[in-house]
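K.L.:
Sharing a structure with you now.
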Amino acid sequence: TGVSEPMPVAETFTFEDSTGLRLSNVAQIDTLVTVVDGSRFLSELDSLESLRERNWHADTEDQRTISHLLCDQVEFANVIVLNKCDLISSAEKEKVKLLIRKMNPTAKLVESEFSKVPLDHVLGTGLFSMSEAEKHEEWLREARIGEHTPETEEYGIGSFTFRAIKPFYPHKLNEVLEAMLDKMQPPFDSSVILRAKGFVWMANCPQLQGEFSLAGNHFSLLPANPWWAEIDEADWPANLKSDIASLWHEPHGDRQQEIVIIGQSLDRDAITQALNECLVSDSEMEMGQESWYRTCEKFGDPFQENWDAAIEEAMQGHDHGHDHSHDHGHGHGDHSNDNHHTKDECKNDNVQHH
């Protein structure tokens with residue numbers, strides 16, 4: 001509850017003090033519970049406010065938004081208590097429940113009024129697993145194992161996974177993401193995207209995955225881990241090769257687009273088409289990486305300043321706030337490299353490879 005982030009709380013149990021003692025030696029996490037205000041969830045998800053604007057920020061570096069914090073707390077929970085059910089209609093309640101189930105299909109969902117919940121629903125459940133919690137950033141469970149046949153989309157709440165094995169041009173992707181938030185142009189004037197998250201392949205940085213997250217009226221796109229294709233196979237974990245075989249496409253390996261989209265009245269075909277138009281064309285794919293770089297240089301990269309700043313902070317060993325409003329300023333950075341790549345260094349490295 002409040003402004004705490006679930007993963008750092010869970011990680012606290014793994015830290016050792018100067019004597020080698022861990023909190024997990026004397027206590028264990030049984031359940032992670034998130035309490036959702038059913039009467040305000042949808043409006044807060046659509047909020048433009050940051051935690052700072054409500055004086056909820058943890059410190060001067062806290063850049064988080066209300067909507068991203070809500071999503072993190074819902075997606076990470078083992079048990080979700082939907083509270084204040086007495087303040088909303090049956091139809092509104094079902095709509096909120098459907099959205100929560102889309103965001104976290106494995107959590108136990110409990111309805112309540114005045115936070116009255118049977119204790120055995122939240123204590124002694126044994127639902128928390130650190131090994132599962134550590135996989136949180138790979139939350140695209142449905143995308144990885146194959147989508148199930150969707151149920152009837154009551155109240156218009158639905159989801160799908162966008163996939164492609166060609167890279168995005170940054171300037172084109174930015175235009176579509178801005179349109180998602182503005183909700184003025186088709187198909188986003190009628191298809192309301194409430195939550196989207198996944199990994200993207202950017203045309204001007206083939207070494208690193210881009211981690212994309214949209215919650216309500218904010219999105220972020222920041223560098224994540226290297227693609228497995230960038231790592232010597234001798235350094236891969238056991239069984240990885242078979243685990244990612246279905247994701248592997250020569251000559252680009254596991255590089256791809258994989259974004260789960262959750263929303264209301266989604267026109268899947270139109271949204272897919274809009275995202276497809278951001279991709280490198282088939283003829284450009286044949287021309288190769290250097291051709292993509294030239295196009296990116298010609299039209300610019302709206303994400304570069306945030307991307308390079310995130311890499312610089314990672315290199316300095318500082319925690320980095322991953323949530324950014326879509327309207328932050330963008331530009332070009334010039335940072336040193338230490339096993340991390342700025343966008344310019346991605347280009348230079350790849351040209352050397354060629």
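Residues in the structure tokens are numbered from 1 in each chain, the chains being A, B, ... in the order shown, and ligands are numbered from 1 in the order shown.
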Name all residues at most 6 Å from segment 268-278 of chain A (count only C-alpha atoms; drop same-chain ones fewer than 3 positions away) and give them as a PyMOL selection string.
P.N.:
chain A and resi 168-169+172-173
K.L.:
Neighbouring residues of segment 88-91 of chain A were defined as those with any atom within 12 Å, considering only C-alpha atoms; residues of the same chain fewer than 5 positions away were excluded. Please report them as a PyMOL selection string.
P.N.:
chain A and resi 37-42+82-83+96-98+111-113+154-156
K.L.:
Atom CA of Val33 of chain A and atom CA of Val79 of chain A are how many Å apart?
P.N.:
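It comes out at 4.8 Å.
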K.L.:
Need to verify the contact set: Asn217 of chain A, 6 Å, only C-alpha atoms, exclusion of same-chain residues closer than 5 positions in sequence. Can you return it as a list of chain:residue names?
P.N.:
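After dropping sequence-adjacent residues, the list is A:Asp46, A:Leu48, A:Leu181.
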K.L.:
When DSSP is applied to the backbone of this structure, which of segment 165-198 of chain A are assigned alpha helix (DSSP H)? Write them out as a VMD selection string.
P.N.:
chain A and resid 170 to 182
K.L.:
Excluding same-chain residues fewer than 4 positions from Trp307 of chain A, what lies within 7 Å of it counting only C-alpha atoms, as an MDAnalysis selection string?
P.N.:
chainID A and resid 222:223 303 311
K.L.:
Which residue gives the smallest distance to Phe162 of chain A among A:Ser131, A:Gln257, A:Thr31, A:Ser246, with only C-alpha atoms counted?
P.N.:
A:Gln257
K.L.:
Find the spatial neighbours of Gly263 of chain A, counting only C-alpha atoms, within a cut-off of 9 Å - ignore same-chain residues fewer than 4 positions away - and output them as a PyMOL selection string.
P.N.:
chain A and resi 99+156-159+191-196
K.L.:
Figure out the distance between atom CA of Val260 of chain A and atom CA of Phe199 of chain A, please, to one decimal in Å.
P.N.:
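These two atoms are separated by 9.3 Å.
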